[in-house]
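**Q** If it helps, the file is called protein.cif and holds mmCIF, C-alpha atoms:
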```
data_work
#
loop_
_atom_site.label_atom_id
_atom_site.label_comp_id
_atom_site.auth_asym_id
_atom_site.auth_seq_id
_atom_site.Cartn_x
_atom_site.Cartn_y
_atom_site.Cartn_z
CA MET N 22 -23.00 -8.59 42.78
CA THR N 23 -22.84 -5.37 44.66
CA LYS N 24 -25.17 -2.41 44.32
CA ASN N 25 -22.55 -0.58 42.26
CA ASP N 26 -22.36 -3.44 39.75
CA LEU N 27 -26.11 -3.37 39.29
CA LYS N 28 -26.10 0.38 38.69
CA GLU N 29 -23.32 0.12 36.07
CA GLN N 30 -24.88 -2.75 34.14
CA PRO N 31 -27.68 -0.78 32.41
CA LYS N 32 -25.18 1.88 31.32
CA GLU N 33 -23.06 -0.72 29.56
CA ALA N 34 -26.11 -2.22 27.83
CA SER N 35 -27.21 1.22 26.60
CA LYS N 36 -23.68 1.84 25.31
CA VAL N 37 -23.80 -1.38 23.27
CA GLU N 38 -27.21 -0.42 21.89
CA SER N 39 -25.98 3.02 20.84
CA ASP N 40 -22.96 1.45 19.08
CA ALA N 41 -25.24 -0.92 17.21
CA LYS N 42 -27.47 1.94 16.10
CA SER N 43 -24.57 3.85 14.55
CA GLU N 44 -23.80 1.06 12.07
CA PRO N 45 -26.13 0.72 9.08
CA THR N 46 -28.11 -2.48 8.71
CA GLY N 47 -30.07 -4.18 5.97
CA VAL N 48 -30.26 -2.36 2.65
CA ALA N 49 -28.27 0.63 3.92
CA LYS N 50 -25.42 -1.69 4.87
CA LEU N 51 -25.54 -3.25 1.41
CA PHE N 52 -25.14 0.14 -0.26
CA VAL N 53 -22.33 1.23 2.07
CA GLU N 54 -20.39 -2.00 1.48
CA SER N 55 -21.05 -1.89 -2.27
CA LYS N 56 -19.68 1.65 -2.45
CA ALA N 57 -16.56 0.53 -0.58
CA GLU N 58 -16.06 -2.42 -2.95
CA PHE N 59 -16.49 -0.24 -6.05
CA GLY N 60 -13.68 1.93 -4.71
CA LYS N 61 -11.33 -1.09 -4.83
CA ILE N 62 -11.92 -1.83 -8.53
CA VAL N 63 -8.99 -1.21 -10.87
CA TRP N 64 -10.63 -0.09 -14.10
CA PRO N 65 -8.83 -0.80 -17.41
CA THR N 66 -7.45 2.03 -19.48
CA ARG N 67 -9.06 2.87 -22.81
CA GLN N 68 -6.18 1.19 -24.66
CA GLN N 69 -6.53 -2.03 -22.63
CA LEU N 70 -10.28 -2.04 -23.20
CA ILE N 71 -9.92 -1.66 -26.96
CA SER N 72 -7.14 -4.25 -27.17
CA GLU N 73 -8.93 -6.88 -25.12
CA SER N 74 -12.26 -6.29 -26.88
CA ALA N 75 -10.55 -6.74 -30.25
CA SER N 76 -8.98 -9.98 -29.01
CA VAL N 77 -12.37 -11.31 -27.91
CA LEU N 78 -14.00 -10.41 -31.23
CA LEU N 79 -11.14 -12.02 -33.16
CA MET N 80 -11.50 -15.24 -31.17
CA ILE N 81 -15.26 -15.27 -31.77
CA VAL N 82 -14.73 -14.94 -35.53
CA ALA N 83 -12.02 -17.64 -35.48
CA VAL N 84 -14.17 -20.14 -33.56
CA ALA N 85 -17.24 -19.40 -35.70
CA THR N 86 -15.18 -19.97 -38.87
CA PHE N 87 -13.79 -23.23 -37.49
CA VAL N 88 -17.27 -24.49 -36.59
CA TYR N 89 -18.55 -23.52 -40.05
CA LEU N 90 -15.73 -25.41 -41.76
CA ILE N 91 -16.25 -28.53 -39.65
CA ASP N 92 -20.00 -28.35 -40.36
CA ALA N 93 -19.35 -28.04 -44.12
CA LEU N 94 -17.00 -31.04 -43.97
CA PHE N 95 -19.57 -33.20 -42.17
CA LYS N 96 -22.25 -32.06 -44.60
CA ALA N 97 -20.11 -33.09 -47.59
CA ILE N 98 -19.38 -36.47 -45.99
CA ALA N 99 -23.05 -37.02 -45.13
CA LEU N 100 -24.12 -36.21 -48.68
CA GLN N 101 -21.59 -38.72 -50.05
CA VAL N 102 -22.73 -41.44 -47.65
CA PHE N 103 -26.49 -40.98 -47.69
CA LEU N 104 -27.07 -39.69 -51.22
CA PRO N 105 -24.80 -41.76 -53.47
CA ARG N 106 -24.56 -40.83 -57.12
CA THR N 107 -26.52 -42.99 -59.50
#
```
Kindly transcribe the structure held in the file into structure tokens.
**A**
Amino acid sequence: MTKNDLKEQPKEASKVESDAKSEPTGVAKLFVESKAEFGKIVWPTRQQLISESASVLLMIVAVATFVYLIDALFKAIALQVFLPRT
């Protein structure tokens, strides 16, 4: 290495340190990246939200009814098997 190389080396190191300081780290970085990700979200319209919510509620009612009917069937069978008429 020449004397000029040695003189330039600390300048390059300080430049790298200053670049690193300009970027947020830790919690600040989390908030910056979270804000950027929230900007990418495609939010549903009010009509889509209502339609899809109604579909979910309808499916919940349908599955609950199905489970109730199956439970009632097994109950009737169990009563016939375990409590025979005398």
**Q** How far is it from CA of Lys96 in chain N to CA of Val77 in chain N, in Å with one decimal?
**A**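 Spanning CA of Lys96 in chain N to CA of Val77 in chain N is a straight-line distance of 28.4 Å.
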**Q** Any idea what the distance is between CA of Ile81 in chain N and CA of Phe59 in chain N?
**A**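 Between these atoms lies a distance of 29.8 Å.
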**Q** Which value, in Å to one decimal, gives the distance between CA of Lys56 in chain N and CA of Ser43 in chain N?
**A**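 About the pair CA of Lys56 in chain N and CA of Ser43 in chain N: they are 17.8 Å apart.
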